[in-house]
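Pasting protein_24.pdb here (PDB, C-alpha atoms):
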```
ATOM      1  CA  ASP A   1    -187.404  51.521   3.815
ATOM      2  CA  GLY A   2    -185.360  51.805   7.018
ATOM      3  CA  TYR A   3    -188.371  52.766   9.107
ATOM      4  CA  ALA A   4    -190.433  49.735   8.045
ATOM      5  CA  ALA A   5    -187.536  47.294   8.498
ATOM      6  CA  SER A   6    -186.785  48.681  11.956
ATOM      7  CA  MET A   7    -190.411  48.495  13.067
ATOM      8  CA  VAL A   8    -190.712  44.869  11.865
ATOM      9  CA  THR A   9    -187.791  43.949  14.113
ATOM     10  CA  GLY A  10    -189.123  46.072  16.999
ATOM     11  CA  ASP A  11    -186.235  48.544  16.865
ATOM     12  CA  VAL A  12    -188.105  51.793  17.554
ATOM     13  CA  PHE A  13    -184.874  53.737  18.158
ATOM     14  CA  ASN A  14    -183.566  52.910  14.671
ATOM     15  CA  ALA A  15    -187.009  53.554  13.161
ATOM     16  CA  LEU A  16    -187.035  57.035  14.693
ATOM     17  CA  LEU A  17    -183.474  57.678  13.566
ATOM     18  CA  ASN A  18    -184.325  56.685   9.982
ATOM     19  CA  THR A  19    -187.428  58.833  10.053
ATOM     20  CA  ILE A  20    -185.601  61.855  11.458
ATOM     21  CA  LEU A  21    -182.955  61.588   8.732
ATOM     22  CA  LYS A  22    -185.567  61.261   5.987
ATOM     23  CA  ARG A  23    -187.741  64.094   7.342
ATOM     24  CA  GLY A  24    -184.656  66.247   7.905
ATOM     25  CA  CYS A  25    -183.762  65.866   4.237
ATOM     26  CA  MET A  26    -187.343  66.740   3.284
ATOM     27  CA  TYR A  27    -187.125  69.899   5.419
ATOM     28  CA  VAL A  28    -183.820  70.993   3.871
ATOM     29  CA  ALA A  29    -185.053  70.126   0.371
ATOM     30  CA  GLY A  30    -187.954  72.545   0.754
ATOM     31  CA  VAL A  31    -190.906  70.180   0.991
ATOM     32  CA  LYS A  32    -194.163  72.017   1.759
ATOM     33  CA  LEU A  33    -194.015  73.059   5.415
ATOM     34  CA  GLN A  34    -197.539  71.827   6.172
ATOM     35  CA  THR A  35    -196.441  68.356   5.018
ATOM     36  CA  ILE A  36    -193.370  68.606   7.265
ATOM     37  CA  LEU A  37    -195.579  69.504  10.246
ATOM     38  CA  GLU A  38    -197.842  66.502   9.594
ATOM     39  CA  GLU A  39    -194.853  64.146   9.259
ATOM     40  CA  TYR A  40    -193.231  65.472  12.441
ATOM     41  CA  GLU A  41    -196.514  65.085  14.347
ATOM     42  CA  ILE A  42    -196.448  61.351  13.565
ATOM     43  CA  MET A  43    -192.802  61.115  14.654
ATOM     44  CA  MET A  44    -193.556  63.026  17.853
ATOM     45  CA  ARG A  45    -196.260  60.523  18.816
ATOM     46  CA  LEU A  46    -193.859  57.620  18.241
ATOM     47  CA  ALA A  47    -191.112  59.298  20.279
ATOM     48  CA  LYS A  48    -193.546  60.042  23.149
ATOM     49  CA  GLU A  49    -194.984  56.524  23.164
ATOM     50  CA  ASN A  50    -191.471  55.068  23.464
ATOM     51  CA  ASN A  51    -189.979  57.659  25.833
ATOM     52  CA  HIS A  52    -187.281  58.855  23.432
ATOM     53  CA  SER A  53    -186.818  62.308  24.961
ATOM     54  CA  ILE A  54    -183.806  63.394  22.911
ATOM     55  CA  PHE A  55    -185.594  62.615  19.643
ATOM     56  CA  LEU A  56    -188.700  64.352  20.980
ATOM     57  CA  VAL A  57    -186.732  67.539  21.703
ATOM     58  CA  HIS A  58    -185.188  67.463  18.218
ATOM     59  CA  ILE A  59    -188.593  66.935  16.604
ATOM     60  CA  LYS A  60    -190.120  69.807  18.611
ATOM     61  CA  GLN A  61    -187.319  72.132  17.472
ATOM     62  CA  ILE A  62    -187.919  71.372  13.773
ATOM     63  CA  GLN A  63    -191.665  71.663  14.323
ATOM     64  CA  ARG A  64    -191.248  75.117  15.909
ATOM     65  CA  ASP A  65    -188.980  76.223  13.047
ATOM     66  CA  SER A  66    -191.596  75.099  10.532
ATOM     67  CA  LEU A  67    -194.340  76.930  12.412
ATOM     68  CA  ARG A  68    -192.247  80.121  12.472
ATOM     69  CA  LEU A  69    -191.588  79.854   8.745
ATOM     70  CA  ILE A  70    -195.323  79.672   8.026
ATOM     71  CA  GLY A  71    -196.075  82.625  10.281
ATOM     72  CA  SER A  72    -196.731  81.283  13.785
ATOM     73  CA  ASP A  73    -194.912  82.677  16.807
ATOM     74  CA  GLU A  74    -195.480  79.596  18.958
ATOM     75  CA  GLU A  75    -192.480  79.177  21.289
ATOM     76  CA  VAL A  76    -193.729  76.672  23.844
ATOM     77  CA  THR A  77    -191.045  74.525  25.466
ATOM     78  CA  THR A  78    -191.868  71.563  27.653
ATOM     79  CA  PRO A  79    -190.204  71.069  31.053
ATOM     80  CA  GLU A  80    -188.535  67.888  29.736
ATOM     81  CA  GLU A  81    -187.108  69.851  26.822
ATOM     82  CA  GLU A  82    -185.771  72.615  29.079
ATOM     83  CA  LYS A  83    -184.173  69.990  31.342
ATOM     84  CA  LEU A  84    -182.466  68.216  28.419
ATOM     85  CA  ILE A  85    -181.233  71.493  26.925
ATOM     86  CA  ALA A  86    -179.762  72.472  30.295
ATOM     87  CA  SER A  87    -178.163  69.095  31.018
ATOM     88  CA  ASN A  88    -177.085  67.658  27.655
ATOM     89  CA  ASN A  89    -174.469  69.530  25.624
ATOM     90  CA  SER A  90    -175.406  67.772  22.388
ATOM     91  CA  VAL A  91    -179.049  68.779  22.764
ATOM     92  CA  LEU A  92    -177.918  72.317  23.631
ATOM     93  CA  LYS A  93    -175.759  72.412  20.489
ATOM     94  CA  THR A  94    -178.705  71.377  18.328
ATOM     95  CA  PHE A  95    -180.953  73.903  20.087
ATOM     96  CA  CYS A  96    -178.443  76.723  19.512
ATOM     97  CA  PHE A  97    -177.983  75.721  15.883
ATOM     98  CA  ARG A  98    -181.755  75.686  15.271
ATOM     99  CA  LYS A  99    -182.147  79.101  16.935
ATOM    100  CA  ALA A 100    -179.219  80.551  14.944
ATOM    101  CA  TYR A 101    -180.611  79.079  11.713
ATOM    102  CA  ILE A 102    -184.120  80.473  12.155
ATOM    103  CA  SER A 103    -182.708  83.852  13.272
ATOM    104  CA  PHE A 104    -180.571  83.922  10.128
ATOM    105  CA  MET A 105    -183.578  83.063   7.948
ATOM    106  CA  PHE A 106    -185.448  86.019   9.451
ATOM    107  CA  ARG A 107    -182.318  88.241   9.298
ATOM    108  CA  SER A 108    -182.348  88.808  13.053
ATOM    109  CA  TYR A 109    -178.686  89.764  13.430
ATOM    110  CA  ASP A 110    -178.455  89.961  17.241
ATOM    111  CA  ASP A 111    -180.228  86.634  17.796
ATOM    112  CA  ALA A 112    -178.240  84.898  15.043
ATOM    113  CA  LYS A 113    -174.975  86.173  16.545
ATOM    114  CA  GLU A 114    -175.978  85.174  20.081
ATOM    115  CA  TYR A 115    -177.052  81.646  19.169
ATOM    116  CA  VAL A 116    -174.202  80.906  16.781
ATOM    117  CA  SER A 117    -171.783  82.043  19.530
ATOM    118  CA  LYS A 118    -173.437  79.617  21.938
ATOM    119  CA  PHE A 119    -173.298  76.918  19.248
ATOM    120  CA  TYR A 120    -169.534  77.415  18.876
ATOM    121  CA  ASP A 121    -169.098  77.439  22.670
ATOM    122  CA  CYS A 122    -170.723  74.051  23.196
ATOM    123  CA  ARG A 123    -169.951  72.133  20.000
ATOM    124  CA  GLU A 124    -166.585  70.712  21.100
ATOM    125  CA  ASN A 125    -168.121  68.859  24.045
ATOM    126  CA  ALA A 126    -171.054  67.426  22.123
ATOM    127  CA  TRP A 127    -171.686  64.231  20.214
ATOM    128  CA  ALA A 128    -170.875  64.131  16.543
ATOM    129  CA  ASN A 129    -173.661  65.140  14.196
ATOM    130  CA  LEU A 130    -175.336  62.910  11.696
ATOM    131  CA  MET A 131    -174.014  63.508   8.172
ATOM    132  CA  ALA A 132    -176.998  65.507   6.872
ATOM    133  CA  THR A 133    -176.875  67.756   9.909
ATOM    134  CA  HIS A 134    -173.099  68.085   9.690
ATOM    135  CA  ILE A 135    -173.399  69.771   6.307
ATOM    136  CA  ASN A 136    -175.869  72.325   7.641
ATOM    137  CA  THR A 137    -173.872  72.920  10.817
ATOM    138  CA  ALA A 138    -170.968  73.870   8.568
ATOM    139  CA  LEU A 139    -172.930  75.965   6.065
ATOM    140  CA  TYR A 140    -175.196  78.122   8.219
ATOM    141  CA  PRO A 141    -172.728  78.948  11.008
ATOM    142  CA  GLY A 142    -170.284  79.868   8.225
ATOM    143  CA  LEU A 143    -172.808  82.191   6.581
ATOM    144  CA  ILE A 144    -173.674  83.754   9.936
ATOM    145  CA  SER A 145    -169.980  84.107  10.845
ATOM    146  CA  PHE A 146    -169.175  86.055   7.675
ATOM    147  CA  TRP A 147    -172.291  88.193   8.243
ATOM    148  CA  VAL A 148    -171.174  88.974  11.809
ATOM    149  CA  ALA A 149    -167.597  89.625  10.602
ATOM    150  CA  ARG A 150    -168.898  92.415   8.352
ATOM    151  CA  LYS A 151    -170.574  94.166  11.291
ATOM    152  CA  SER A 152    -168.430  93.250  14.284
ATOM    153  CA  ARG A 153    -165.422  94.798  15.968
ATOM    154  CA  ASP A 154    -163.914  91.346  16.521
ATOM    155  CA  ALA A 155    -164.059  90.505  12.822
ATOM    156  CA  GLN A 156    -160.941  88.290  12.870
ATOM    157  CA  CYS A 157    -162.552  85.765  15.215
ATOM    158  CA  TRP A 158    -165.632  85.607  12.991
ATOM    159  CA  PHE A 159    -163.576  85.329   9.790
ATOM    160  CA  ALA A 160    -161.721  82.398  11.359
ATOM    161  CA  ARG A 161    -165.022  80.684  12.173
ATOM    162  CA  GLY A 162    -166.333  81.343   8.663
ATOM    163  CA  ASN A 163    -163.126  79.967   7.145
ATOM    164  CA  GLU A 164    -163.368  76.853   9.312
ATOM    165  CA  SER A 165    -166.846  76.213   7.899
ATOM    166  CA  LYS A 166    -165.616  76.955   4.395
ATOM    167  CA  LEU A 167    -162.771  74.428   4.705
ATOM    168  CA  THR A 168    -165.160  71.790   6.037
ATOM    169  CA  LEU A 169    -167.412  72.269   3.022
ATOM    170  CA  LYS A 170    -164.418  72.292   0.691
ATOM    171  CA  ARG A 171    -163.516  68.784   1.909
ATOM    172  CA  TRP A 172    -167.105  67.687   1.299
ATOM    173  CA  ALA A 173    -167.020  69.312  -2.176
ATOM    174  CA  GLU A 174    -163.847  67.408  -3.077
ATOM    175  CA  SER A 175    -165.633  64.119  -2.393
ATOM    176  CA  SER A 176    -168.905  65.084  -4.086
ATOM    177  CA  PRO A 177    -168.735  68.299  -6.144
ATOM    178  CA  TRP A 178    -172.255  67.970  -7.534
ATOM    179  CA  THR A 179    -173.778  68.028  -4.049
ATOM    180  CA  PHE A 180    -171.483  70.323  -2.062
ATOM    181  CA  GLU A 181    -169.522  72.597  -4.373
ATOM    182  CA  ASN A 182    -172.326  75.173  -4.550
ATOM    183  CA  LYS A 183    -172.360  75.467  -0.751
ATOM    184  CA  TRP A 184    -168.588  75.872  -0.631
ATOM    185  CA  CYS A 185    -168.783  78.536  -3.391
ATOM    186  CA  LEU A 186    -171.478  80.359  -1.423
ATOM    187  CA  LEU A 187    -169.152  80.603   1.572
ATOM    188  CA  GLU A 188    -166.319  81.722  -0.746
ATOM    189  CA  ALA A 189    -168.585  84.486  -2.053
ATOM    190  CA  GLU A 190    -169.600  85.517   1.475
ATOM    191  CA  GLU A 191    -165.957  85.735   2.484
ATOM    192  CA  SER A 192    -165.117  87.859  -0.561
ATOM    193  CA  PHE A 193    -168.100  90.116   0.084
ATOM    194  CA  SER A 194    -166.951  90.528   3.707
ATOM    195  CA  HIS A 195    -163.526  91.853   2.716
TER     196      HIS A 195
END
```

Take the structure in this file and express it as structure tokens.
Amino acid sequence: DGYAASMVTGDVFNALLNTILKRGCMYVAGVKLQTILEEYEIMMRLAKENNHSIFLVHIKQIQRDSLRLIGSDEEVTTPEEEKLIASNNSVLKTFCFRKAYISFMFRSYDDAKEYVSKFYDCRENAWANLMATHINTALYPGLISFWVARKSRDAQCWFARGNESKLTLKRWAESSPWTFENKWCLLEAEESFSH
């Protein structure tokens, strides 16, 4: 267990990173949202105790998404979070992705379009994503892009963005068809539906 090994050696940063990856996979896999909230509460305490602000902001974003999915409208942001979002392009990219994702889940077209546009605007000047996040930041912006292309006057721009996501997932599917081919096929279907 990466968390346990990291804590034994006193490497809290690596422990948090391992935990975020594991909990992120649980979230994407559809683990009960109440369990996710409990797990993220533990991670949030560890991040606060060790002053890991960037992890704390990421954890808060997932926690808010989980709360929204179970019916809460809680949208409280801390001053530290607002400061990091305003000053760190990688945190802003994650924030925009999370907002676009949750807007897509709730079929809020205008919000999904706004946040995915902001995501595309800031992604080039941001740190690389972790692998698990990279898959989702290809899939969901691609789905949103094809959705926007169907409704937008500037459809070509959105088709190009959707195709970029589709090609990214195609490369992943070539290396591991069992895991990624279904996601690539979903984007193929969305593109076909959009034409």

Practice task
On this file, the PyMOL selection byres ((chain A and resi 179-189) around 12) gives some set of residues; write that set as a PyMOL selection string.
Solution key: chain A and resi 132+135-147+159+161-178+190-195

Could the centre and edge lengths of an axis-aligned box, enclosing all atoms of range 115-127 of chain A in the file with 3 Å extra on each side, be given in Å to one decimal as AutoDock Vina command-line options?
```
--center_x -171.8 --center_y 73.1 --center_z 20.4 --size_x 16.5 --size_y 23.8 --size_z 13.3
```

Handout entry: CA of Gln61 in chain A to CA of Lys151 in chain A, straight-line distance in Å
Key = 28.4 Å

Handout entry: Residues matched by the PyMOL selection byres ((chain A and resi 66) around 10) as a list in words
Key =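 So the PyMOL selection byres ((chain A and resi 66) around 10), applied here, picks out Tyr27, Lys32, Leu33, Gln34, Thr35, Ile36, Leu37, Tyr40, Lys60, Gln61, Ile62, Gln63, Arg64, Asp65, Leu67, Arg68, Leu69, Ile70, Gly71, Ser72 and Ile102 of chain A.
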
Practice task
For CA of Ile20 in chain A and CA of Ser87 in chain A, quote the distance in Å rounded to one decimal.
Solution key: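 The value is 22.1 Å.
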
Practice task
In Å, rounded to a single decimal, give me how far CA of Asn14 in chain A is from CA of Lys48 in chain A.
Solution key: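 It comes out at 14.9 Å.
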
Exercise for the section: Taking the point (-175.4, 85.6, 14.8) as given in the file, collect each protein or nucleic acid residue that comes within 9 Å of it, counting all atoms listed in the file, and present the set as a list of chain:residue names. Expected result: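 Here the neighbourhood of the point contains A:Ala100, A:Tyr101, A:Ser103, A:Phe104, A:Ser108, A:Tyr109, A:Asp110, A:Asp111, A:Ala112, A:Lys113, A:Glu114, A:Tyr115, A:Val116, A:Ser117, A:Pro141, A:Ile144, A:Ser145, A:Trp147, A:Val148.
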
Exercise for the section: Write out as a list in words each polymer residue whose atoms come within 10 Å of Leu92 in chain A, counting only C-alpha atoms; drop sequence neighbours fewer than 5 positions from it. Expected result: Glu82, Leu84, Ile85, Ala86, Ser87, Phe97, Arg98, Lys118, Phe119, Cys122, Arg123 and Ala126 of chain A
